[in-house]
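Q: One structure, as structure tokens, below. Some questions next.
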Amino acid sequence: MNGPTGLSRHGVLAALGAALLFGCSTPVAKLLLSGMDPRVLAGLLYLGSGLGLLLYRIVRHAPRGRWDKGNWLWLSCAILSGGVIAPVLLMFGLTGMAASEASLLLNAEGVFTTLLAWFAFRENFDRRIALGMLAILMGASILSWQGESWKTDSWAVLAVLGACLAWGIDNNLTRKISEMDATWIASIKGLTAGSVNLGLAFITGASLPPLAVISGALIVGWLAYGVSLSLFVIGLRHLGTARTGAYFSVAPFFGALFSLPLLGEPVSLGLLTAGGCMAVGVWLHVSEQHIHPHLHESVEHEHAHTHEGDEHRHEHDQSEPPATQHSHAHKHASVMHTHAHYPDVRHRHKH
């Protein structure tokens with residue numbers, strides 16, 4: 001096999017789709033922040049994601065996912081970090097900086113995600129991934145030190161970077177449960193994080209904006225946080241944390257591009273330079289080829305899968321078409337082989 005599997009390509013498309021939806025939400029959130037408490041907006045965005053996905057699951061008659069006890073710990077910590085802390089920090093950061101700058105600065109999420117995956121969670125990534133990460137970090141540094149913006153709004157830059165770190169922690173924790181139903185994970189995170197954020201905002205004296213603004217925030221949250229997160233979980237399942245974070249790093253480019261006509265923000269030299277550095281870093285990530293002999297240990301587990309790849313060609317009581325996704329307990333036999341691969345659920349091995 002000379003390239004990534006079909007499922008890996010699905011993971012790439014899912015991660016890029018997540019990046020597109022989330023990236024375009026940053027300038028829209030900047031508009032919604034006018035006259036609204038940042039904590040209220042953060043709560044509405046996540047609540048919209050949870051409600052939208054819950055409605056989707058009801059319409060589709062999706063079954064309730066089955067979880068091991070240990071999964072609830074990973075999910076709870078992910079919700080706290082990525083669903084409560086991160087969005088509040090981002091909303092506060094947006095009150096003190098341009099949406100196009102914040103969009104590019106969000107590339108730091110990929111850097112934090114990769115560093116945590118490498119050092120804390122021991123996921124392999126090679127020199128090419130490291131160089132790409134450094135290029136992205138250089139772009140973020142150029143953006144952060146743009147003259148007066150850094151001097152007057154350093155707290156805003158730090159707030160956005162704090163949000164990136166919190167989401168990096170969330171991404172690594174969510175990978176632990178990425179075999180579970182993606183829409184169920186995202187709906188639980190959205191409903192819980194949205195309720196907590198709104199509750200904290202009301203306790204500290206915040207009030208709700210007009211109904212039209214609430215509706216807009218819920219819709220943006222459903223697309224940019226709910227659908228985007230579901231796609232991101234699929235990416236984690238097939239690509240691993242560091243690679244999914246790398247593909248997701250294109251999100252700020254979508255946001256910066258979208259914010260220019262939407263908000264009428266100027267194109268600055270610093271913005272172009274930072275974008276160029278980040279583009280090089282993203283290219284280094286997405287053009288990676290990882291090939292070596294490796295052993296798959298025998299394992300029995302349950303997760304959603306299709307029969308399109310060699311790994312899931314097994315017998316059933318009833319035949320299943322190759323592209324039909326279904327879930328049941330199944331066993332993978334031990335095998336040693338060589339092919340291009342990512343650190344997905346079947347390729348988390350030592351190097």
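Each chain in the structure tokens gets a letter, A, B and so on, in the order shown; residues start at 1 in every chain, and ligands are counted from 1 in the order they appear.
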Extract the full set of alpha helix (DSSP H) residues from segment 16-191 of chain A according to DSSP on the backbone, and format it as a ChimeraX atom specification.
A: /A:16-32,38-60,69-78,86-94,99-105,108-115,127-144,147-152,154-175,182-191
Q: Could you list, as an NGL selection string, every residue within 10 Å of Thr114 of chain A, counting only C-alpha atoms and ignoring same-chain residues fewer than 2 positions away?
A: :A and (108-112 or 116-121 or 123-125 or 129-130 or 133 or 168-169 or 171-172 or 241-246)
Q: What's the 12 Å shell around Leu262 of chain A, counting only C-alpha atoms, without same-chain residues fewer than 3 positions away, as number ranges by chain?
A: A: 24-31, 99-100, 255-259, 265-266
Q: Since we have the selection now, will you write its residues out, keeping all heavy atoms, as a tab-separated table (two decimals), in the first residue's frame?
A:
```tsv
chain	number	residue	atom	x	y	z
A	24	CYS	N	-14.46	29.93	10.18
A	24	CYS	CA	-15.38	30.99	9.76
A	24	CYS	C	-16.21	31.53	10.91
A	24	CYS	O	-16.83	32.60	10.78
A	24	CYS	CB	-16.29	30.47	8.65
A	24	CYS	SG	-15.44	30.19	7.08
A	25	SER	N	-16.24	30.81	12.03
A	25	SER	CA	-17.06	31.28	13.16
A	25	SER	C	-16.42	32.44	13.92
A	25	SER	O	-17.11	33.20	14.59
A	25	SER	CB	-17.31	30.13	14.14
A	25	SER	OG	-16.13	29.81	14.89
A	26	THR	N	-15.08	32.59	13.82
A	26	THR	CA	-14.40	33.62	14.60
A	26	THR	C	-14.85	35.03	14.25
A	26	THR	O	-15.21	35.81	15.14
A	26	THR	CB	-12.87	33.48	14.45
A	26	THR	OG1	-12.48	32.17	14.81
A	26	THR	CG2	-12.15	34.49	15.34
A	27	PRO	N	-14.85	35.43	12.96
A	27	PRO	CA	-15.36	36.78	12.65
A	27	PRO	C	-16.84	36.94	12.94
A	27	PRO	O	-17.28	38.04	13.31
A	27	PRO	CB	-15.05	36.93	11.16
A	27	PRO	CG	-14.87	35.55	10.64
A	27	PRO	CD	-14.30	34.77	11.77
A	28	VAL	N	-17.62	35.87	12.80
A	28	VAL	CA	-19.05	35.96	13.12
A	28	VAL	C	-19.23	36.18	14.62
A	28	VAL	O	-20.07	36.98	15.05
A	28	VAL	CB	-19.80	34.69	12.66
A	28	VAL	CG1	-21.27	34.77	13.05
A	28	VAL	CG2	-19.66	34.50	11.16
A	29	ALA	N	-18.42	35.48	15.43
A	29	ALA	CA	-18.48	35.67	16.88
A	29	ALA	C	-18.09	37.10	17.26
A	29	ALA	O	-18.64	37.67	18.20
A	29	ALA	CB	-17.55	34.67	17.57
A	30	LYS	N	-17.16	37.68	16.51
A	30	LYS	CA	-16.77	39.07	16.75
A	30	LYS	C	-17.96	40.00	16.57
A	30	LYS	O	-18.17	40.93	17.36
A	30	LYS	CB	-15.65	39.45	15.76
A	30	LYS	CG	-15.18	40.90	15.85
A	30	LYS	CD	-14.30	41.14	17.04
A	30	LYS	CE	-13.70	42.53	17.02
A	30	LYS	NZ	-12.82	42.80	18.18
A	31	LEU	N	-18.78	39.74	15.55
A	31	LEU	CA	-19.99	40.55	15.34
A	31	LEU	C	-21.00	40.32	16.45
A	31	LEU	O	-21.62	41.27	16.94
A	31	LEU	CB	-20.61	40.21	13.98
A	31	LEU	CG	-19.85	40.66	12.73
A	31	LEU	CD1	-20.56	40.14	11.48
A	31	LEU	CD2	-19.75	42.19	12.68
A	99	ALA	N	-10.60	40.36	14.53
A	99	ALA	CA	-10.98	38.97	14.29
A	99	ALA	C	-10.00	38.26	13.38
A	99	ALA	O	-9.71	37.07	13.56
A	99	ALA	CB	-12.39	38.91	13.70
A	100	SER	N	-9.44	38.97	12.37
A	100	SER	CA	-8.48	38.34	11.47
A	100	SER	C	-7.21	37.94	12.21
A	100	SER	O	-6.63	36.88	11.96
A	100	SER	CB	-8.14	39.29	10.31
A	100	SER	OG	-7.61	40.52	10.81
A	255	GLY	N	-10.78	31.66	8.74
A	255	GLY	CA	-11.33	32.76	9.52
A	255	GLY	C	-10.81	34.12	9.09
A	255	GLY	O	-11.57	35.08	8.96
A	256	ALA	N	-9.48	34.19	8.87
A	256	ALA	CA	-8.89	35.46	8.44
A	256	ALA	C	-9.40	35.87	7.06
A	256	ALA	O	-9.71	37.05	6.82
A	256	ALA	CB	-7.36	35.33	8.40
A	257	LEU	N	-9.54	34.90	6.17
A	257	LEU	CA	-10.05	35.19	4.84
A	257	LEU	C	-11.49	35.67	4.89
A	257	LEU	O	-11.88	36.62	4.21
A	257	LEU	CB	-9.94	33.94	3.97
A	257	LEU	CG	-10.31	34.09	2.49
A	257	LEU	CD1	-9.34	35.02	1.79
A	257	LEU	CD2	-10.31	32.71	1.82
A	258	PHE	N	-12.29	35.05	5.73
A	258	PHE	CA	-13.71	35.39	5.85
A	258	PHE	C	-13.92	36.73	6.54
A	258	PHE	O	-14.87	37.45	6.25
A	258	PHE	CB	-14.43	34.27	6.61
A	258	PHE	CG	-15.93	34.36	6.58
A	258	PHE	CD1	-16.61	34.51	5.38
A	258	PHE	CD2	-16.66	34.30	7.77
A	258	PHE	CE1	-18.00	34.58	5.35
A	258	PHE	CE2	-18.04	34.38	7.75
A	258	PHE	CZ	-18.71	34.52	6.53
A	259	SER	N	-13.01	37.09	7.46
A	259	SER	CA	-13.19	38.32	8.24
A	259	SER	C	-12.88	39.58	7.44
A	259	SER	O	-13.39	40.66	7.76
A	259	SER	CB	-12.30	38.29	9.48
A	259	SER	OG	-10.93	38.34	9.13
A	265	GLU	N	-11.82	44.55	7.60
A	265	GLU	CA	-10.52	44.74	8.24
A	265	GLU	C	-9.42	44.83	7.18
A	265	GLU	O	-9.48	44.16	6.15
A	265	GLU	CB	-10.24	43.60	9.22
A	265	GLU	CG	-11.22	43.57	10.38
A	265	GLU	CD	-10.92	42.43	11.35
A	265	GLU	OE1	-10.02	41.63	11.05
A	265	GLU	OE2	-11.59	42.36	12.39
A	266	PRO	N	-8.39	45.64	7.40
A	266	PRO	CA	-7.34	45.82	6.40
A	266	PRO	C	-6.37	44.63	6.35
A	266	PRO	O	-6.21	43.90	7.32
A	266	PRO	CB	-6.61	47.08	6.88
A	266	PRO	CG	-6.81	47.06	8.37
A	266	PRO	CD	-8.19	46.48	8.59
```
Q: As an exercise, work out the distance from atom CA of Trp222 of chain A to atom CA of Thr183 of chain A in Å and give it to one decimal place.
A: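 Result for atom CA of Trp222 of chain A versus atom CA of Thr183 of chain A: 11.3 Å, one decimal.
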Q: Of the candidates A:Leu236, A:Ala98, A:Ile85, A:Ile188, which shows the shortest atom-to-atom distance to Gly264 of chain A, using only C-alpha atoms?
A: A:Ala98
Q: Calculated over only C-alpha atoms, which of the candidates A:Val280, A:Leu20, A:Cys77, A:Leu105 has the smallest distance to Gly162 of chain A?
A: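 With only C-alpha atoms as the atom set, the closest residue is A:Leu105.
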Q: Fewer than 3 positions away in the same chain doesn't count, so skip those; otherwise give me all residues within 9 Å of Val12 of chain A, counting only C-alpha atoms, as a list in words.
A: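 Returned residues: Leu7, Ser8, Arg9, Ala15, Leu16, Gly17, Gly235, His238, Leu239, Arg243, Thr244, Tyr247 and Val286 of chain A.
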Q: Tell me, in Å to one decimal, how far atom CA of Ile203 of chain A is from atom CA of Leu229 of chain A.
A: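 So the two atoms, atom CA of Ile203 of chain A and atom CA of Leu229 of chain A, lie 27.8 Å apart.
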Q: For a quick check of understanding, using only C-alpha atoms, which of A:Gly35, A:Gly23, A:Gly83, A:Leu13 has the smallest distance to Leu198 of chain A?
A: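 Ranking A:Gly35, A:Gly23, A:Gly83, A:Leu13 by distance to Leu198 of chain A, first place goes to A:Gly83.
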Q: Excluding same-chain residues fewer than 3 positions from segment 94-97 of chain A, what lies within 9 Å of it counting only C-alpha atoms, as a PyMOL selection string?
A: chain A and resi 26+29-30+33-34+38+89-91+100-102+149+152-157+159-160
Q: Using only C-alpha atoms, which protein or nucleic acid residues come within 10 Å of Tyr225 of chain A? Drop anything in the same chain fewer than 3 positions from it, and give the result as a PyMOL selection string.
A: chain A and resi 18+21-22+25+45-50+83+186-187+189-190+218-222+228-232
